$ cat query_35.txt   # compact mmCIF, C-alpha atoms
# COMPACT_ATOMS: atom_id res chain seq x y z
CA MET A 1 -61.59 257.02 -28.74
CA SER A 2 -58.61 255.60 -26.84
CA PHE A 3 -58.44 252.15 -25.30
CA GLN A 4 -58.86 253.60 -21.80
CA GLN A 5 -61.93 255.61 -22.86
CA ARG A 6 -63.41 252.50 -24.44
CA ASN A 7 -62.88 250.58 -21.17
CA ILE A 8 -64.55 253.33 -19.15
CA THR A 9 -67.50 253.41 -21.57
CA VAL A 10 -67.88 249.64 -21.20
CA SER A 11 -67.78 249.99 -17.40
CA LEU A 12 -70.34 252.83 -17.56
CA VAL A 13 -72.78 250.83 -19.69
CA THR A 14 -72.30 247.75 -17.45
CA PHE A 15 -73.07 249.67 -14.25
CA ILE A 16 -76.06 251.45 -15.81
CA LEU A 17 -77.48 248.03 -16.74
CA ILE A 18 -76.74 246.67 -13.25
CA LEU A 19 -78.43 249.70 -11.66
CA GLY A 20 -81.42 249.23 -13.95
CA PHE A 21 -81.64 245.54 -12.98
CA TYR A 22 -81.32 246.41 -9.28
CA LEU A 23 -84.09 249.04 -9.40
CA PHE A 24 -86.31 246.66 -11.39
CA ARG A 25 -85.84 243.88 -8.82
CA ILE A 26 -86.41 246.24 -5.87
CA SER A 27 -89.63 247.53 -7.44
CA GLN A 28 -90.73 243.92 -8.02
CA LEU A 29 -90.04 243.05 -4.36
CA LEU A 30 -91.95 246.11 -3.17
CA GLN A 31 -94.96 245.39 -5.39
CA SER A 32 -95.20 241.74 -4.37
CA ASP A 33 -94.69 242.49 -0.64
CA ASP A 34 -91.51 240.38 -0.68
CA PHE A 35 -89.30 243.20 0.58
CA THR A 36 -87.74 241.04 3.30
CA SER A 37 -84.19 240.89 4.61
CA THR A 38 -83.60 237.47 2.97
CA ASN A 39 -84.60 238.73 -0.47
CA VAL A 40 -82.74 242.03 -0.14
CA PHE A 41 -79.50 240.40 1.01
CA ARG A 42 -79.80 237.81 -1.77
CA LEU A 43 -80.12 240.69 -4.22
CA TRP A 44 -77.03 242.28 -2.63
CA GLY A 45 -75.07 239.10 -3.39
CA VAL A 46 -76.39 238.93 -6.94
CA ILE A 47 -75.45 242.57 -7.60
CA ILE A 48 -71.92 242.15 -6.21
CA VAL A 49 -71.26 238.93 -8.18
CA LEU A 50 -72.84 240.44 -11.29
CA SER A 51 -70.66 243.56 -10.99
CA ILE A 52 -67.44 241.53 -10.76
CA VAL A 53 -68.28 238.99 -13.48
CA ALA A 54 -69.77 241.54 -15.91
CA THR A 55 -66.80 243.89 -15.52
CA ILE A 56 -64.28 241.10 -16.23
CA VAL A 57 -66.21 239.61 -19.16
CA LEU A 58 -67.04 242.94 -20.80
CA THR A 59 -63.46 244.21 -20.42
CA ILE A 60 -62.20 241.09 -22.23
CA LEU A 61 -64.88 241.53 -24.91
CA ALA A 62 -63.94 245.20 -25.31
CA HIS A 63 -60.29 244.21 -25.80
CA VAL A 64 -61.21 241.59 -28.41
CA GLY A 65 -63.64 244.02 -30.07
CA SER A 66 -60.89 246.68 -30.24
CA ALA A 67 -58.53 244.23 -31.93
CA ILE A 68 -61.17 243.21 -34.50
CA PHE A 69 -62.03 246.88 -35.13
CA GLU A 70 -58.33 247.72 -35.69
CA VAL A 71 -57.90 244.77 -38.10
CA ILE A 72 -60.91 245.93 -40.14
CA LYS A 73 -59.79 249.58 -40.03
CA THR A 74 -56.11 249.14 -40.83
CA GLY A 75 -56.09 245.80 -42.66
CA ASN A 76 -53.11 244.80 -40.49
CA GLU A 77 -53.41 241.26 -39.13
CA ASN A 78 -51.35 242.12 -36.04
CA PRO A 79 -52.85 245.42 -34.93
CA LYS A 80 -51.08 247.52 -32.33
CA ILE A 81 -53.51 248.34 -29.56
CA GLU A 82 -52.45 251.27 -27.42
CA ASP A 83 -53.37 249.76 -24.08
CA ILE A 84 -50.53 251.28 -22.05
CA GLU A 85 -51.51 253.57 -19.20
CA ASP A 86 -49.49 256.79 -19.03
CA GLU A 87 -49.41 259.63 -16.47
CA ARG A 88 -52.51 261.34 -17.91
CA ASP A 89 -54.54 258.11 -17.71
CA LYS A 90 -53.41 257.58 -14.11
CA LEU A 91 -54.28 261.16 -13.16
CA ILE A 92 -57.73 260.91 -14.74
CA ASP A 93 -58.28 257.60 -12.96
CA LEU A 94 -57.31 259.17 -9.63
CA LYS A 95 -59.63 262.15 -10.17
CA GLY A 96 -62.44 259.77 -11.18
CA THR A 97 -61.86 257.67 -8.06
CA GLN A 98 -62.01 260.83 -5.95
CA VAL A 99 -65.40 261.72 -7.48
CA THR A 100 -66.60 258.13 -6.88
CA TYR A 101 -65.58 258.32 -3.20
CA ILE A 102 -67.29 261.70 -2.70
CA ALA A 103 -70.51 260.45 -4.36
CA SER A 104 -70.32 257.22 -2.37
CA SER A 105 -69.82 259.07 0.93
CA LEU A 106 -72.79 261.35 0.24
CA GLY A 107 -74.82 258.25 -0.65
CA VAL A 108 -73.91 256.48 2.61
CA LEU A 109 -74.81 259.63 4.55
CA THR A 110 -78.19 259.85 2.78
CA ALA A 111 -78.84 256.15 3.42
CA MET A 112 -78.03 256.60 7.11
CA LEU A 113 -80.32 259.62 7.32
CA THR A 114 -83.28 257.45 6.26
CA PHE A 115 -82.51 255.28 9.30
CA VAL A 116 -82.38 258.36 11.53
CA ILE A 117 -85.81 259.58 10.32
CA GLY A 118 -87.35 256.26 11.30
CA GLN A 119 -87.27 254.16 8.13
CA PRO A 120 -86.60 250.41 8.54
CA PRO A 121 -82.96 249.20 8.24
CA LEU A 122 -83.79 247.41 4.98
CA VAL A 123 -84.36 250.78 3.29
CA MET A 124 -80.91 251.88 4.43
CA PHE A 125 -79.26 248.70 3.14
CA SER A 126 -81.10 248.94 -0.19
CA LEU A 127 -79.99 252.56 -0.60
CA LEU A 128 -76.38 251.64 0.22
CA VAL A 129 -76.20 249.35 -2.83
CA PHE A 130 -78.06 251.89 -4.97
CA PHE A 131 -75.66 254.72 -4.08
CA GLY A 132 -72.63 252.42 -4.40
CA VAL A 133 -73.49 251.60 -8.02
CA LEU A 134 -74.58 255.19 -8.71
CA ALA A 135 -71.22 256.48 -7.38
CA GLN A 136 -69.40 254.17 -9.80
CA ILE A 137 -71.51 255.56 -12.68
CA ILE A 138 -70.82 259.17 -11.62
CA GLY A 139 -67.08 258.37 -11.37
CA ASP A 140 -67.05 256.87 -14.88
CA ILE A 141 -68.91 259.89 -16.31
CA SER A 142 -66.41 262.26 -14.67
CA ARG A 143 -63.50 260.25 -16.15
CA LEU A 144 -65.01 260.45 -19.63
CA MET A 145 -65.59 264.20 -19.18
CA LEU A 146 -61.96 264.70 -18.14
CA TYR A 147 -60.80 262.80 -21.24
CA ARG A 148 -62.96 264.94 -23.53
CA ARG A 149 -62.74 268.34 -21.86
CA GLY A 150 -59.17 268.15 -20.58
CA PHE A 151 -57.86 269.60 -17.33
CA MET B 1 -53.64 283.14 -6.77
CA SER B 2 -54.40 284.00 -10.40
CA LYS B 3 -55.34 281.35 -12.97
CA SER B 4 -52.33 279.98 -14.84
CA HIS B 5 -52.00 278.54 -18.29
CA ILE B 6 -49.26 276.41 -19.80
CA SER B 7 -49.01 276.54 -23.58
CA ASN B 8 -46.58 274.67 -25.82
CA ASN B 9 -44.94 274.58 -29.24
CA ILE B 10 -45.00 270.81 -29.65
CA ARG B 11 -46.82 270.91 -32.96
CA LYS B 12 -44.34 273.41 -34.41
CA LEU B 13 -41.34 271.50 -33.06
CA ARG B 14 -42.65 268.26 -34.55
CA PHE B 15 -42.90 269.96 -37.92
CA PHE B 16 -39.33 271.28 -37.73
CA ASN B 17 -38.05 267.85 -36.67
CA GLY B 18 -38.65 266.07 -39.94
CA GLU B 19 -42.43 266.25 -39.63
CA MET B 20 -42.36 263.83 -36.74
CA THR B 21 -45.74 262.17 -36.23
CA GLN B 22 -47.66 262.27 -32.96
CA GLN B 23 -47.23 258.51 -32.72
CA GLN B 24 -43.44 258.77 -33.09
CA LEU B 25 -43.23 261.46 -30.43
CA ALA B 26 -45.52 259.45 -28.13
CA GLU B 27 -43.31 256.37 -28.46
CA LYS B 28 -40.15 258.37 -27.77
CA ALA B 29 -41.70 260.11 -24.76
CA GLY B 30 -43.26 256.92 -23.41
CA VAL B 31 -46.86 258.12 -23.44
CA THR B 32 -49.93 257.45 -25.56
CA ARG B 33 -50.72 259.38 -28.74
CA GLN B 34 -53.87 260.67 -27.00
CA THR B 35 -51.69 262.42 -24.42
CA ILE B 36 -49.69 264.16 -27.17
CA ILE B 37 -52.96 265.22 -28.84
CA ALA B 38 -54.30 266.54 -25.51
CA MET B 39 -51.09 268.51 -24.91
CA GLU B 40 -51.13 270.03 -28.40
CA GLN B 41 -54.73 271.13 -27.85
CA ASP B 42 -53.77 272.63 -24.46
CA LYS B 43 -56.08 270.18 -22.74
CA TYR B 44 -53.37 268.68 -20.56
CA SER B 45 -50.33 270.10 -18.77
CA PRO B 46 -47.67 267.39 -18.50
CA SER B 47 -45.64 266.51 -15.44
CA LEU B 48 -42.24 268.11 -15.06
CA GLU B 49 -40.56 264.82 -15.96
CA LEU B 50 -42.53 264.41 -19.20
CA ALA B 51 -41.93 268.06 -20.08
CA PHE B 52 -38.16 267.52 -19.75
CA ARG B 53 -38.36 264.29 -21.77
CA ILE B 54 -40.14 266.09 -24.62
CA ALA B 55 -37.65 268.97 -24.55
CA ARG B 56 -34.78 266.46 -24.70
CA ILE B 57 -36.37 264.66 -27.67
CA PHE B 58 -36.42 267.95 -29.60
CA ASN B 59 -32.99 268.85 -28.22
CA VAL B 60 -34.11 272.28 -27.06
CA PRO B 61 -34.40 273.97 -23.64
CA LEU B 62 -37.65 273.48 -21.72
CA GLU B 63 -38.65 277.14 -22.24
CA GLU B 64 -38.67 276.63 -25.98
CA VAL B 65 -41.28 273.90 -25.69
CA PHE B 66 -43.45 275.17 -22.86
CA SER B 67 -44.38 278.66 -21.76
CA TYR B 68 -46.13 279.67 -18.59
CA GLU B 69 -48.56 282.56 -18.40
CA THR B 70 -50.83 283.85 -15.67
CA ALA B 71 -53.89 286.04 -16.09
CA GLU B 72 -51.82 288.95 -14.78
CA ASP B 73 -49.27 288.53 -17.62
CA GLY B 74 -52.00 289.18 -20.17
CA LYS B 75 -52.98 292.52 -18.62

$ encode --input "query_35.txt" --output "structure tokens"
Amino acid sequence: MSFQQRNITVSLVTFILILGFYLFRISQLLQSDDFTSTNVFRLWGVIIVLSIVATIVLTILAHVGSAIFEVIKTGNENPKIEDIEDERDKLIDLKGTQVTYIASSLGVLTAMLTFVIGQPPLVMFSLLVFFGVLAQIIGDISRLMLYRRGF
Amino acid sequence: MSKSHISNNIRKLRFFNGEMTQQQLAEKAGVTRQTIIAMEQDKYSPSLELAFRIARIFNVPLEEVFSYETAEDGK
């Protein structure tokens, strides 16, 4: 597994955990009748901050982990980690971003439709975050598939 | 438009060039080893620039490294 694939896997696991946390918190709010705008927008903030911090921290940890893994594997104290991004990596990233945007757009459309059929605005805002994180997950999966399957 | 396929002789050319490793070729071409592996397995068609760089590394014309076929050619 290349360095780029490892980074994408880390991102995928991070966003799956964030989505799990988000759904857990939303279900808690719904069960306790605390599904108010204050709580939902607070959760929005938590999710955004969590996404940024977790991505940075886990990317650093993945880099350190890769170095340790290479030292153990090769026995070389100064391992060479192939972290350069070439044309194939850039192309896969672009295709993945395209998939993310398509999934995100469909998600926004679905969220807006709930508003059209008479659901409260909070449902729409909750779905916007849900589909935003889900789109990131779908994008990461498509990137990993392109690395494995080729194109 | 019929489906096209670009195949290559990179593996063979590496062998005839002093058994050059994938890592050595990757370093000379300025790409990662994974990209060389993907090309050898026909899982990635390189850009024109990279194709020319690889041909120049082996000191052969582009057509000797890459070949282009369409579904119609196979009929």

$ interface_residues --input "query_35.txt" --of "chain A" --to "chain B" --cutoff "10 Å" --atoms "only C-alpha atoms" --output "PyMOL selection string"
chain A and resi 1-3+82-89+146-151

$ residues_around --input "query_35.txt" --residues "A:Ile16" --least-positions-apart "4" --cutoff "10 Å" --atoms "only C-alpha atoms" --output "list in words"
Val10, Ser11, Leu12, Gly20, Phe21, Tyr22, Val133, Leu134, Gln136 and Ile137 of chain A

$ residues_around --input "query_35.txt" --residues "B:Val65" --least-positions-apart "4" --cutoff "9 Å" --atoms "all atoms listed in the file" --output "PDB file with C-alpha atoms, in the frame of the given file"
ATOM      1  CA  SER B   7     -49.010 276.540 -23.580  1.00  0.00           C
ATOM      2  CA  ASN B   8     -46.580 274.670 -25.820  1.00  0.00           C
ATOM      3  CA  ASN B   9     -44.940 274.580 -29.240  1.00  0.00           C
ATOM      4  CA  ILE B  10     -45.000 270.810 -29.650  1.00  0.00           C
ATOM      5  CA  LEU B  13     -41.340 271.500 -33.060  1.00  0.00           C
ATOM      6  CA  ALA B  51     -41.930 268.060 -20.080  1.00  0.00           C
ATOM      7  CA  ILE B  54     -40.140 266.090 -24.620  1.00  0.00           C
ATOM      8  CA  ALA B  55     -37.650 268.970 -24.550  1.00  0.00           C
ATOM      9  CA  PHE B  58     -36.420 267.950 -29.600  1.00  0.00           C
ATOM     10  CA  VAL B  60     -34.110 272.280 -27.060  1.00  0.00           C
ATOM     11  CA  PRO B  61     -34.400 273.970 -23.640  1.00  0.00           C
TER      12      PRO B  61
END

$ residues_around --input "query_35.txt" --residues "A:Ser142" --least-positions-apart "3" --cutoff "8 Å" --atoms "all atoms listed in the file" --output "PDB file with C-alpha atoms, in the coordinates of the input"
ATOM      1  CA  GLY A  96     -62.440 259.770 -11.180  1.00  0.00           C
ATOM      2  CA  VAL A  99     -65.400 261.720  -7.480  1.00  0.00           C
ATOM      3  CA  ILE A 138     -70.820 259.170 -11.620  1.00  0.00           C
ATOM      4  CA  GLY A 139     -67.080 258.370 -11.370  1.00  0.00           C
ATOM      5  CA  MET A 145     -65.590 264.200 -19.180  1.00  0.00           C
ATOM      6  CA  LEU A 146     -61.960 264.700 -18.140  1.00  0.00           C
TER       7      LEU A 146
END

$ axis_aligned_box --input "query_35.txt" --around "stretch 39-51 of chain B" --padding-each-side "8 Å" --output "lines of an AutoDock Vina configuration file"
center_x = -48.3
center_y = 268.5
center_z = -21.7
size_x = 31.5
size_y = 24.2
size_z = 29.3

$ residues_around --input "query_35.txt" --residues "A:Thr110" --least-positions-apart "3" --cutoff "10 Å" --atoms "all atoms listed in the file" --output "NGL selection string"
:A and (104-107 or 113-116 or 124 or 127-128 or 131)

$ atom_distance --input "query_35.txt" --atom1 "atom CA of A:Gln31" --atom2 "atom CA of A:Val123"
14.7 Å
